[in-house]
Amino acid sequence: MRLHFDIYLDSVGEKMNKGILTKWWSRTKGVSGCKGKYYRNNLIMMLVVSAIPGIITGGLVYWMIGGRLESELLQMHHQQIEQRARNVDEQLTNLELMLSHWAFDPQFDYSLDGLDFKVNFERSRDITKTLVVMQGSNTMIKQVELYLAGQEPLLFHPEYGEIHSPEVSALYDQLIQTKKSTYWTEWAFDPDRPEVKELTLVHHIPGGSQKPFGALLIRMDTLKVANMLKTMTPYNVGETFLVQNTGELFASAGDSAPDSPFVTGLRTKIHDREPDMKSSFFFEWEGATYAVTYGEFSRISTEWTYVSASPITSITSPVMLISKLIFIVSFSALLLAALLAWIASRRMYSPVKRLFKTLLLDDLKTEGQEDEFTLIERQWLNLHWESHDLQRKLAEQLPHVKESFLNQLLQGHLYAYSEQDLRRRMERFKWEVEHKQFIIIYVQLTGIKSLEGKFRSGDEGLVSYAAANVIGELAAQRFNQSDTIHFHDLTAGVLLVVPDDGSAESEVLSYCEELARTINVILKMRVTVAISAPVSGVSDIPLAFEGVKQAASYRPFSNENQIIDMERMDQEGTDDAEPTYSFTLERELIQAMRTGQEEDAHRLLADFIEALKAKEAKAIDVQQGMLHLLGHVQHVIMLSGIDPKRLYMGVNMYEALSQIREPELILIWFKEKVVAPYLKELSQRSKAEVKMMIEQAMIYLQQNYMNDVSLDSCADEIGTNTFFLSKSFKQVLGHNFIDYLTELRMDKAKELLRGSHLRISEVAERVGYQHSYFNRIFKKLEGMTPSRYRELSQ
């Protein structure tokens with residue numbers, strides 16, 4: 001009765017939970033009366049009173065911790081700006097030192113004055129290389145230039161160039177005419193755009209000369225200078241700029257003008273501050289408060305001032321966010337505590353009320369003439385009858401559930417269960433497993449190709465269903481406990497539960513023979529039956545099932561009906577013949593596919609399968625051989641430049657081939673699914689005459705590979721030029737001429753190594769190689785020496 005009641009609770013659980021809040025109010029009102037209302041009012045007052053101290057505590061924490069952290073963060077912000085300012089100062093100092101080093105270099109001495117660079121082009125080239133090195137030494141450098149004044153002024157930027165514009169030469173002459181030999185400036189180099197200025201570092205040459213005749217210039221990238229200044233502002237808002245104290249040089253991270261109101265206000269504020277005051281302050285501008293940090297750089301013969309201004313909200317927002325999170329978490333904790341207090345306060349008043357809330361349906365009311373026990377009794381009777389109904393439905397569904405369990409057990413999906421758990425579940429499904437053994441029978445139907453008049457293509461599931469019915473009926477006539485499951489792919493499995501005294505062995509063999517004859521008569525198909533050895537443990541059933549499946553794959557093709565007894569095979573052993581794999585037919589088949597010869601490819605494919613079936617071959621031998629051939633074919637397809645995934649539309653060809661068990665169906669599948677799509681794609685990519693030409697070239701190579709063959713000699717032989725032949729080889733075969741010749745020679749060499757006793761040097765001569773080179777290229781391509789290959793192959 002408990003099982004039925006649990007099933008009922010699972011099926012009506014959602015119905016019982018639906019509308020529980022509405023029913024709680026009606027029950028409380030009807031049963032508790034004024035006591036429930038009083039309880040609710042006192043509960044609300046208690047929650048409010050208990051929440052007030054928590055809110056006050058959270059607010060104090062928010063105010064105290066938030067304010068302290070705000071001041072600490074402001075101090076850290078100031079230190080961070082100073083540290084980043086020192087980094088910027090170091091970068092500018094490095095640029096100045098680098099330029100001074102090059103200005104004093106002998107390469108830029110007085111020998112450049114009046115030098116004819118057109119004649120001394122090597123000197124011009126050396127200067128260009130030096131300027132390129134300087135230009136690449138720092139990411140902020142936009143361009144490094146060398147200007148040489150004179151009657152015919154020259155400009156290396158960094159390549160050699162003559163200045164024909166008087167306006168341009170006048171701009172550069174002004175840079176030389178200054179008294180300072182090294183200085184920073186903000187200069188406009190385009191006479192037509194005087195408003196576009198660039199931060200520039202200038203050094204007269206020769207270095208230390210009183211009469212310079214030229215200058216080295218480092219023109220800074222405006223965008224990267226702005227990005228450098230942005231590093232002094234750790235936030236995405238605000239302003240950072242550099243200004244020369246005694247000049248007009250100005251650089252801004254936000255592309256602000258030097259006379260903008262905000263920049264002007266900041267500079268005025270800084271100018272009015274006392275020298276002994278701190279280098280950080282708050283600045284009010286248009287209703288916003290900015291935290292300003294400033295300082296000075298000591299540049300060449302001048303001083304620069306850096307200014308970083310960030311809105312105070314950008315600095316304090318993380319602190320405020322953390323403080324708010326502290327307040328929210330504290331307030332949420334209070335709410336959670338209140339909620340838990342409310343849930344705890346709603347304890348059940350009595351066992352009757354617990355039953356009442358559990359069993360009462362939506363259409364029953366607590367108010368009326370009937371008391372709670374009458375309602376509970378009536379509801380229990382309803383559950384009793386519903387339990388009987390569920391039991392009837394369970395009996396109807398038991399065969400389907402039993403089949404699902406058996407399928408999972410055979411497939412090994414229940415490996416996590418112990419032997420006791422599996423036996424308990426089988427007993428629950430009405431199996432008797434005490435003092436019993438289990439035998440697994442695997443039935444495989446073959447010969448559906450001969451049933452085309454009776455069944456259409458794709459009727460494998462229908463044939464499997466019909467066979468499973470026959471198998472199940474015959475098993476039920478002979479055994480007390482038998483269960484059949486079909487796998488919709490012309491195979492079925494049978495679980496026999498027999499006594500553990502070994503008396504059912506002859507009965508099982510008789511059943512399998514009758515099963516084979518019956519299916520021969522009814523379905524006109526051949527049958528392969530694999531019988532497992534008896535196992536005593538339920539957990540051994542998946543291994544036994546896997547064993548009979550593998551045994552069925554070792555069936556020979558010579559017999560019609562085959563019964564494979566695993567127990568006798570273990571006792572007698574097996575005498576497997578060595579499988580035959582024709583490498584010659586494989587190469588000829590691949591060659592026919594490469595050249596687009598469809599008829600030859602189909603003929604060679606049929607011959608290849610026949611060769612696999614020879615010498616009492618097993619089904620697994622044929623299947624493994626075809627899988628091996630499929631791998632080689634896909635390798636050839638990839639070498640020809642075709643993507644197998646696109647060609648076969650993403651189908652797992654190996655999985656599809658492994659599901660086919662009959663050679664005739666394998667032949668049809670291979671023709672339609674593998675060979676035909678490749679030949680169609682190949683015919684679209686290559687013209688007939690190109691394929692014929694490549695075929696002639698391949699025939700020539702196969703006949704003359706042992707001689708000194710080259711691309712030129714092959715092109716002369718077939719009457720074309722080397723360029724077209726090489727391109728056609730790559731287009732049709734997927735690899736170039738020399739790779740194909742090398743592969744051909746290696747294949748012939750491997751044949752000689754496998755099938756002859758020639759010395760390695762003789763093998764090398766027969767395939768057109770010298771002995772030492774043959775050893776090297778063979779090891780490079782095959783990963784082993786020719787001698788080692790011969791040892792492994794024999």
# chains A, B, ... in the order shown; residues from 1 in each chain; ligands from 1
$ residues_around --residues "region 419-430 of chain A" --least-positions-apart "5" --cutoff "7 Å" --atoms "only C-alpha atoms" --output "VMD selection string"
chain A and resid 402 538 to 539
$ residues_around --residues "Phe282 (chain A)" --least-positions-apart "3" --cutoff "7 Å" --atoms "only C-alpha atoms" --output "list in words"
Thr289, Tyr290, Ala291 and Val292 of chain A
$ select_by_dssp --residues "region 74-301 of chain A" --states "strand (DSSP E or B)" --output "PyMOL selection string"
chain A and resi 141-148+154-156+162+182-187+198-205+214-220+239-244+250-252+280-285+288-299
$ residues_around --residues "Tyr648 (chain A)" --least-positions-apart "4" --cutoff "9 Å" --atoms "only C-alpha atoms" --output "list of chain:residue names"
A:Asp643, A:Pro644, A:Asn652, A:Met653, A:Lys673, A:Val674, A:Pro677
$ write_last_selection --atoms "all heavy atoms" --output "short mmCIF file (atom, residue, chain, number, x, y, z; two decimals), in the first residue's frame"
data_model
loop_
_atom_site.label_atom_id
_atom_site.label_comp_id
_atom_site.auth_asym_id
_atom_site.auth_seq_id
_atom_site.Cartn_x
_atom_site.Cartn_y
_atom_site.Cartn_z
N ASP A 643 37.44 18.77 -49.17
CA ASP A 643 37.15 18.56 -47.76
C ASP A 643 36.16 17.40 -47.63
O ASP A 643 35.02 17.50 -48.11
CB ASP A 643 36.56 19.82 -47.14
CG ASP A 643 36.37 19.67 -45.64
OD1 ASP A 643 36.80 18.63 -45.10
OD2 ASP A 643 35.81 20.59 -45.02
N PRO A 644 36.53 16.26 -47.01
CA PRO A 644 35.58 15.14 -46.87
C PRO A 644 34.31 15.53 -46.11
O PRO A 644 33.24 15.01 -46.41
CB PRO A 644 36.39 14.08 -46.11
CG PRO A 644 37.82 14.42 -46.38
CD PRO A 644 37.87 15.92 -46.48
N ASN A 652 29.24 10.88 -40.48
CA ASN A 652 30.32 10.06 -39.94
C ASN A 652 30.37 8.77 -40.77
O ASN A 652 29.63 7.81 -40.54
CB ASN A 652 30.08 9.74 -38.47
CG ASN A 652 31.27 9.06 -37.81
OD1 ASN A 652 32.09 8.43 -38.49
ND2 ASN A 652 31.36 9.17 -36.50
N MET A 653 31.25 8.74 -41.77
CA MET A 653 31.30 7.63 -42.71
C MET A 653 31.73 6.34 -42.02
O MET A 653 31.27 5.25 -42.37
CB MET A 653 32.24 7.97 -43.86
CG MET A 653 31.89 9.26 -44.58
SD MET A 653 30.27 9.20 -45.35
CE MET A 653 30.60 8.13 -46.75
N LYS A 673 27.92 6.14 -51.75
CA LYS A 673 28.19 7.14 -50.72
C LYS A 673 29.63 7.63 -50.72
O LYS A 673 29.90 8.71 -50.18
CB LYS A 673 27.85 6.57 -49.34
CG LYS A 673 26.43 6.10 -49.19
CD LYS A 673 25.42 7.23 -49.40
CE LYS A 673 24.00 6.74 -49.15
NZ LYS A 673 23.01 7.82 -49.36
N VAL A 674 30.57 6.86 -51.28
CA VAL A 674 31.98 7.24 -51.22
C VAL A 674 32.53 7.56 -52.60
O VAL A 674 33.02 8.66 -52.85
CB VAL A 674 32.82 6.12 -50.55
CG1 VAL A 674 34.29 6.51 -50.52
CG2 VAL A 674 32.31 5.83 -49.15
N PRO A 677 30.21 10.44 -55.01
CA PRO A 677 30.38 11.88 -54.73
C PRO A 677 31.77 12.41 -55.09
O PRO A 677 31.91 13.53 -55.59
CB PRO A 677 30.11 11.97 -53.22
CG PRO A 677 29.30 10.77 -52.90
CD PRO A 677 29.77 9.70 -53.82
#
$ atom_distance --atom1 "CA of His388 (chain A)" --atom2 "CA of Trp431 (chain A)"
22.6 Å
$ atom_distance --atom1 "CA of Leu490 (chain A)" --atom2 "CA of Leu627 (chain A)"
20.9 Å
$ residues_around --residues "region 294-309 of chain A" --least-positions-apart "3" --cutoff "8 Å" --atoms "only C-alpha atoms" --output "short mmCIF file (atom, residue, chain, number, x, y, z; two decimals) with all heavy atoms, in the first residue's frame"
data_model
loop_
_atom_site.label_atom_id
_atom_site.label_comp_id
_atom_site.auth_asym_id
_atom_site.auth_seq_id
_atom_site.Cartn_x
_atom_site.Cartn_y
_atom_site.Cartn_z
N ILE A 81 48.86 58.94 -9.24
CA ILE A 81 49.13 59.93 -10.29
C ILE A 81 50.61 60.30 -10.29
O ILE A 81 51.25 60.41 -11.35
CB ILE A 81 48.25 61.17 -10.08
CG1 ILE A 81 46.77 60.80 -10.24
CG2 ILE A 81 48.63 62.27 -11.06
CD1 ILE A 81 46.43 60.25 -11.60
N GLU A 82 51.19 60.50 -9.09
CA GLU A 82 52.61 60.84 -9.03
C GLU A 82 53.48 59.72 -9.60
O GLU A 82 54.47 59.98 -10.31
CB GLU A 82 53.01 61.15 -7.58
CG GLU A 82 52.44 62.46 -7.05
CD GLU A 82 52.97 62.79 -5.67
OE1 GLU A 82 53.44 61.85 -4.97
OE2 GLU A 82 52.92 63.96 -5.28
N ALA A 85 53.19 59.81 -13.29
CA ALA A 85 53.90 60.97 -13.83
C ALA A 85 55.40 60.70 -13.91
O ALA A 85 56.06 61.11 -14.87
CB ALA A 85 53.62 62.20 -12.95
N ASP A 89 57.77 60.88 -17.18
CA ASP A 89 59.03 61.63 -17.19
C ASP A 89 60.19 60.75 -17.66
O ASP A 89 61.07 61.20 -18.41
CB ASP A 89 59.28 62.16 -15.77
CG ASP A 89 60.50 63.08 -15.72
OD1 ASP A 89 60.83 63.72 -16.73
OD2 ASP A 89 61.14 63.16 -14.66
N THR A 93 62.61 61.39 -20.87
CA THR A 93 64.06 61.46 -20.66
C THR A 93 64.79 60.48 -21.55
O THR A 93 65.86 60.78 -22.11
CB THR A 93 64.38 61.18 -19.18
OG1 THR A 93 63.69 62.14 -18.37
CG2 THR A 93 65.88 61.29 -18.91
N THR A 182 69.43 71.72 -28.22
CA THR A 182 68.47 70.63 -27.99
C THR A 182 67.26 71.25 -27.27
O THR A 182 67.43 71.91 -26.25
CB THR A 182 69.07 69.53 -27.11
OG1 THR A 182 70.27 69.07 -27.71
CG2 THR A 182 68.11 68.36 -26.98
N TYR A 183 66.08 70.97 -27.78
CA TYR A 183 64.89 71.56 -27.15
C TYR A 183 63.64 70.84 -27.65
O TYR A 183 63.66 70.15 -28.69
CB TYR A 183 64.79 73.06 -27.46
CG TYR A 183 64.69 73.38 -28.94
CD1 TYR A 183 63.46 73.57 -29.55
CD2 TYR A 183 65.86 73.50 -29.71
CE1 TYR A 183 63.38 73.87 -30.90
CE2 TYR A 183 65.77 73.78 -31.06
CZ TYR A 183 64.54 73.96 -31.66
OH TYR A 183 64.45 74.24 -33.00
N TRP A 184 62.56 71.00 -26.88
CA TRP A 184 61.24 70.52 -27.26
C TRP A 184 60.46 71.70 -27.84
O TRP A 184 60.58 72.83 -27.40
CB TRP A 184 60.47 69.98 -26.04
CG TRP A 184 60.97 68.66 -25.53
CD1 TRP A 184 61.92 68.44 -24.61
CD2 TRP A 184 60.50 67.38 -25.93
NE1 TRP A 184 62.12 67.11 -24.38
CE2 TRP A 184 61.23 66.41 -25.20
CE3 TRP A 184 59.54 66.93 -26.84
CZ2 TRP A 184 61.04 65.06 -25.34
CZ3 TRP A 184 59.35 65.57 -26.97
CH2 TRP A 184 60.09 64.64 -26.24
N MET A 232 47.94 58.88 -16.93
CA MET A 232 48.00 59.62 -15.68
C MET A 232 46.61 59.87 -15.11
O MET A 232 46.48 60.47 -14.04
CB MET A 232 48.72 60.96 -15.90
CG MET A 232 50.17 60.79 -16.34
SD MET A 232 50.95 62.35 -16.82
CE MET A 232 50.79 63.29 -15.31
N THR A 233 45.57 59.45 -15.84
CA THR A 233 44.20 59.53 -15.34
C THR A 233 43.63 58.13 -15.31
O THR A 233 43.31 57.57 -16.36
CB THR A 233 43.33 60.42 -16.25
OG1 THR A 233 43.92 61.71 -16.33
CG2 THR A 233 41.93 60.55 -15.68
N GLY A 238 37.63 63.05 -17.18
CA GLY A 238 38.57 64.01 -16.62
C GLY A 238 39.50 64.57 -17.69
O GLY A 238 39.29 64.37 -18.90
N GLU A 239 40.54 65.26 -17.26
CA GLU A 239 41.46 65.92 -18.19
C GLU A 239 42.89 65.80 -17.65
O GLU A 239 43.12 65.90 -16.45
CB GLU A 239 41.09 67.40 -18.35
CG GLU A 239 42.02 68.19 -19.24
CD GLU A 239 42.09 67.64 -20.65
OE1 GLU A 239 41.02 67.38 -21.21
OE2 GLU A 239 43.18 67.43 -21.17
N THR A 240 43.83 65.55 -18.57
CA THR A 240 45.26 65.53 -18.25
C THR A 240 45.99 66.28 -19.34
O THR A 240 45.75 66.04 -20.53
CB THR A 240 45.79 64.09 -18.17
OG1 THR A 240 45.05 63.36 -17.17
CG2 THR A 240 47.26 64.07 -17.81
N PHE A 241 46.90 67.20 -18.96
CA PHE A 241 47.63 67.93 -19.98
C PHE A 241 49.02 68.28 -19.46
O PHE A 241 49.29 68.28 -18.25
CB PHE A 241 46.87 69.19 -20.42
CG PHE A 241 46.61 70.18 -19.31
CD1 PHE A 241 47.54 71.17 -18.99
CD2 PHE A 241 45.42 70.15 -18.59
CE1 PHE A 241 47.29 72.08 -17.99
CE2 PHE A 241 45.16 71.05 -17.59
CZ PHE A 241 46.10 72.02 -17.28
N LEU A 242 49.92 68.57 -20.40
CA LEU A 242 51.27 69.05 -20.14
C LEU A 242 51.39 70.45 -20.71
O LEU A 242 50.90 70.73 -21.80
CB LEU A 242 52.32 68.15 -20.81
CG LEU A 242 52.57 66.76 -20.21
CD1 LEU A 242 53.51 65.99 -21.12
CD2 LEU A 242 53.15 66.88 -18.83
N VAL A 243 52.08 71.34 -19.97
CA VAL A 243 52.26 72.71 -20.46
C VAL A 243 53.69 73.14 -20.12
O VAL A 243 54.22 72.85 -19.04
CB VAL A 243 51.22 73.67 -19.83
CG1 VAL A 243 51.33 73.72 -18.32
CG2 VAL A 243 51.34 75.06 -20.43
N GLN A 244 54.32 73.82 -21.05
CA GLN A 244 55.68 74.33 -20.83
C GLN A 244 55.59 75.65 -20.06
O GLN A 244 54.84 76.55 -20.44
CB GLN A 244 56.38 74.52 -22.18
CG GLN A 244 57.87 74.79 -22.07
CD GLN A 244 58.52 74.85 -23.44
OE1 GLN A 244 57.85 75.00 -24.44
NE2 GLN A 244 59.83 74.72 -23.47
N ASN A 245 56.34 75.77 -18.99
CA ASN A 245 56.22 76.94 -18.12
C ASN A 245 56.65 78.22 -18.81
O ASN A 245 56.12 79.31 -18.55
CB ASN A 245 57.03 76.73 -16.84
CG ASN A 245 56.47 75.58 -16.02
OD1 ASN A 245 55.40 75.06 -16.31
ND2 ASN A 245 57.20 75.17 -14.99
N THR A 246 57.64 78.14 -19.71
CA THR A 246 58.18 79.36 -20.34
C THR A 246 57.97 79.33 -21.86
O THR A 246 58.76 79.89 -22.61
CB THR A 246 59.67 79.47 -20.03
OG1 THR A 246 60.34 78.30 -20.51
CG2 THR A 246 59.90 79.63 -18.54
N SER A 279 50.39 69.51 -3.53
CA SER A 279 50.20 69.50 -4.98
C SER A 279 48.94 68.77 -5.40
O SER A 279 48.86 68.20 -6.48
CB SER A 279 51.41 68.81 -5.65
OG SER A 279 51.55 67.49 -5.16
N SER A 280 47.93 68.76 -4.54
CA SER A 280 46.62 68.20 -4.89
C SER A 280 45.56 69.03 -4.18
O SER A 280 45.76 69.50 -3.06
CB SER A 280 46.52 66.73 -4.48
OG SER A 280 46.67 66.61 -3.08
N TYR A 290 36.31 68.25 -8.94
CA TYR A 290 37.42 67.50 -9.53
C TYR A 290 38.55 67.38 -8.52
O TYR A 290 38.84 68.33 -7.78
CB TYR A 290 37.96 68.20 -10.79
CG TYR A 290 37.02 68.16 -11.96
CD1 TYR A 290 35.97 69.06 -12.06
CD2 TYR A 290 37.20 67.22 -12.98
CE1 TYR A 290 35.10 69.02 -13.15
CE2 TYR A 290 36.34 67.18 -14.06
CZ TYR A 290 35.28 68.09 -14.14
OH TYR A 290 34.45 68.04 -15.20
N ALA A 291 39.16 66.20 -8.47
CA ALA A 291 40.39 66.00 -7.70
C ALA A 291 41.56 66.26 -8.63
O ALA A 291 41.74 65.57 -9.62
CB ALA A 291 40.45 64.58 -7.15
#
$ closest_atom_pairs --of "region 475-543 of chain A" --to "region 395-400 of chain A" --cutoff "12 Å" --atoms "only C-alpha atoms" --output "tab-separated table"
residue	atom	partner	partner_atom	distance
A:Asp483	CA	A:Pro399	CA	9.8
A:Thr484	CA	A:Pro399	CA	11.1
A:Ile485	CA	A:His400	CA	10.7
$ write_last_selection --atoms "all heavy atoms" --output "mmCIF file, in the first residue's frame"
data_model
loop_
_atom_site.group_PDB
_atom_site.id
_atom_site.type_symbol
_atom_site.label_atom_id
_atom_site.label_comp_id
_atom_site.auth_asym_id
_atom_site.auth_seq_id
_atom_site.Cartn_x
_atom_site.Cartn_y
_atom_site.Cartn_z
ATOM 1 N N ASP A 483 12.921 -13.040 -22.333
ATOM 2 C CA ASP A 483 12.552 -11.690 -22.768
ATOM 3 C C ASP A 483 13.338 -11.361 -24.030
ATOM 4 O O ASP A 483 14.558 -11.620 -24.108
ATOM 5 C CB ASP A 483 12.861 -10.662 -21.682
ATOM 6 C CG ASP A 483 11.970 -10.827 -20.476
ATOM 7 O OD1 ASP A 483 10.864 -10.255 -20.483
ATOM 8 O OD2 ASP A 483 12.369 -11.551 -19.544
ATOM 9 N N THR A 484 12.649 -10.773 -25.002
ATOM 10 C CA THR A 484 13.246 -10.463 -26.296
ATOM 11 C C THR A 484 13.219 -8.960 -26.515
ATOM 12 O O THR A 484 12.231 -8.289 -26.188
ATOM 13 C CB THR A 484 12.478 -11.151 -27.434
ATOM 14 O OG1 THR A 484 12.436 -12.558 -27.176
ATOM 15 C CG2 THR A 484 13.145 -10.904 -28.774
ATOM 16 N N ILE A 485 14.284 -8.443 -27.053
ATOM 17 C CA ILE A 485 14.371 -7.020 -27.379
ATOM 18 C C ILE A 485 15.021 -6.884 -28.751
ATOM 19 O O ILE A 485 16.022 -7.556 -29.045
ATOM 20 C CB ILE A 485 15.176 -6.250 -26.316
ATOM 21 C CG1 ILE A 485 15.217 -4.766 -26.643
ATOM 22 C CG2 ILE A 485 16.578 -6.802 -26.165
ATOM 23 C CD1 ILE A 485 15.787 -3.928 -25.502
#
$ select_by_dssp --residues "region 126-315 of chain A" --states "helix (DSSP H, G or I)" --output "PyMOL selection string"
chain A and resi 126-135+166-176+222-230+261-272+312-315
$ atom_distance --atom1 "CA of Gly265 (chain A)" --atom2 "CA of Leu92 (chain A)"
26.7 Å
$ residues_around --residues "region 719-724 of chain A" --least-positions-apart "6" --cutoff "10 Å" --atoms "only C-alpha atoms" --output "PyMOL selection string"
chain A and resi 690+693+710-713+730
$ write_last_selection --atoms "N, CA and C atoms" --output "PDB file, in the first residue's frame"
ATOM      1  N   VAL A 690      42.647  17.377 -69.378  1.00  0.00           N
ATOM      2  CA  VAL A 690      43.652  17.511 -68.330  1.00  0.00           C
ATOM      3  C   VAL A 690      43.848  16.175 -67.612  1.00  0.00           C
ATOM      4  N   MET A 693      45.802  13.930 -69.830  1.00  0.00           N
ATOM      5  CA  MET A 693      47.215  14.276 -69.842  1.00  0.00           C
ATOM      6  C   MET A 693      47.897  13.792 -68.563  1.00  0.00           C
ATOM      7  N   SER A 710      62.477  13.607 -64.664  1.00  0.00           N
ATOM      8  CA  SER A 710      62.315  14.974 -64.179  1.00  0.00           C
ATOM      9  C   SER A 710      61.017  15.539 -64.740  1.00  0.00           C
ATOM     10  N   LEU A 711      60.627  16.698 -64.220  1.00  0.00           N
ATOM     11  CA  LEU A 711      59.419  17.361 -64.719  1.00  0.00           C
ATOM     12  C   LEU A 711      59.573  17.759 -66.177  1.00  0.00           C
ATOM     13  N   ASP A 712      60.773  18.177 -66.564  1.00  0.00           N
ATOM     14  CA  ASP A 712      61.004  18.578 -67.960  1.00  0.00           C
ATOM     15  C   ASP A 712      60.869  17.390 -68.894  1.00  0.00           C
ATOM     16  N   SER A 713      61.491  16.256 -68.532  1.00  0.00           N
ATOM     17  CA  SER A 713      61.432  15.088 -69.408  1.00  0.00           C
ATOM     18  C   SER A 713      60.017  14.556 -69.518  1.00  0.00           C
ATOM     19  N   LYS A 730      49.001  19.312 -59.547  1.00  0.00           N
ATOM     20  CA  LYS A 730      48.491  19.800 -58.264  1.00  0.00           C
ATOM     21  C   LYS A 730      46.975  19.860 -58.263  1.00  0.00           C
TER      22      LYS A 730
END
$ residues_around --residues "region 549-552 of chain A" --least-positions-apart "4" --cutoff "9 Å" --atoms "only C-alpha atoms" --output "PyMOL selection string"
chain A and resi 442-444+528-531+544-545+564-566+619-620
$ residues_around --residues "Val709 (chain A)" --least-positions-apart "6" --cutoff "10 Å" --atoms "only C-alpha atoms" --output "PyMOL selection string"
chain A and resi 700-701+738+741+768
$ write_last_selection --atoms "C-alpha atoms" --output "PDB file, in the first residue's frame"
ATOM      1  CA  TYR A 700      55.060   7.422 -68.080  1.00  0.00           C
ATOM      2  CA  LEU A 701      56.203   7.710 -64.461  1.00  0.00           C
ATOM      3  CA  ILE A 738      57.989  15.318 -57.232  1.00  0.00           C
ATOM      4  CA  LEU A 741      57.106  10.450 -58.060  1.00  0.00           C
ATOM      5  CA  GLY A 768      65.923   5.231 -59.127  1.00  0.00           C
TER       6      GLY A 768
END
$ closest_residue --among "A:Arg478, A:His602, A:His488, A:Lys180" --to "Leu589 (chain A)" --atoms "only C-alpha atoms"
A:His602
$ decode --residues "region 540-544 of chain A" --atoms "all heavy atoms" --output "PDB file, in the first residue's frame"
ATOM      1  N   ASP A 540      27.086  -9.422 -14.786  1.00  0.00           N
ATOM      2  CA  ASP A 540      27.871 -10.009 -15.876  1.00  0.00           C
ATOM      3  C   ASP A 540      27.101 -10.047 -17.186  1.00  0.00           C
ATOM      4  O   ASP A 540      27.666 -10.416 -18.224  1.00  0.00           O
ATOM      5  CB  ASP A 540      28.305 -11.435 -15.500  1.00  0.00           C
ATOM      6  CG  ASP A 540      29.227 -11.452 -14.293  1.00  0.00           C
ATOM      7  OD1 ASP A 540      29.968 -10.470 -14.130  1.00  0.00           O
ATOM      8  OD2 ASP A 540      29.188 -12.422 -13.527  1.00  0.00           O
ATOM      9  N   ILE A 541      25.817  -9.727 -17.162  1.00  0.00           N
ATOM     10  CA  ILE A 541      25.004  -9.801 -18.377  1.00  0.00           C
ATOM     11  C   ILE A 541      25.504  -8.847 -19.456  1.00  0.00           C
ATOM     12  O   ILE A 541      25.602  -9.227 -20.632  1.00  0.00           O
ATOM     13  CB  ILE A 541      23.520  -9.537 -18.031  1.00  0.00           C
ATOM     14  CG1 ILE A 541      22.977 -10.695 -17.199  1.00  0.00           C
ATOM     15  CG2 ILE A 541      22.691  -9.330 -19.291  1.00  0.00           C
ATOM     16  CD1 ILE A 541      21.535 -10.525 -16.753  1.00  0.00           C
ATOM     17  N   PRO A 542      25.859  -7.558 -19.157  1.00  0.00           N
ATOM     18  CA  PRO A 542      26.361  -6.680 -20.238  1.00  0.00           C
ATOM     19  C   PRO A 542      27.622  -7.223 -20.900  1.00  0.00           C
ATOM     20  O   PRO A 542      27.776  -7.119 -22.119  1.00  0.00           O
ATOM     21  CB  PRO A 542      26.626  -5.356 -19.508  1.00  0.00           C
ATOM     22  CG  PRO A 542      25.757  -5.383 -18.313  1.00  0.00           C
ATOM     23  CD  PRO A 542      25.683  -6.805 -17.899  1.00  0.00           C
ATOM     24  N   LEU A 543      28.533  -7.829 -20.112  1.00  0.00           N
ATOM     25  CA  LEU A 543      29.747  -8.379 -20.709  1.00  0.00           C
ATOM     26  C   LEU A 543      29.420  -9.564 -21.607  1.00  0.00           C
ATOM     27  O   LEU A 543      30.017  -9.731 -22.686  1.00  0.00           O
ATOM     28  CB  LEU A 543      30.717  -8.806 -19.601  1.00  0.00           C
ATOM     29  CG  LEU A 543      31.231  -7.687 -18.685  1.00  0.00           C
ATOM     30  CD1 LEU A 543      32.126  -8.263 -17.598  1.00  0.00           C
ATOM     31  CD2 LEU A 543      31.998  -6.658 -19.502  1.00  0.00           C
ATOM     32  N   ALA A 544      28.474 -10.400 -21.166  1.00  0.00           N
ATOM     33  CA  ALA A 544      28.071 -11.521 -22.001  1.00  0.00           C
ATOM     34  C   ALA A 544      27.420 -11.053 -23.295  1.00  0.00           C
ATOM     35  O   ALA A 544      27.650 -11.609 -24.374  1.00  0.00           O
ATOM     36  CB  ALA A 544      27.111 -12.426 -21.222  1.00  0.00           C
TER      37      ALA A 544
END
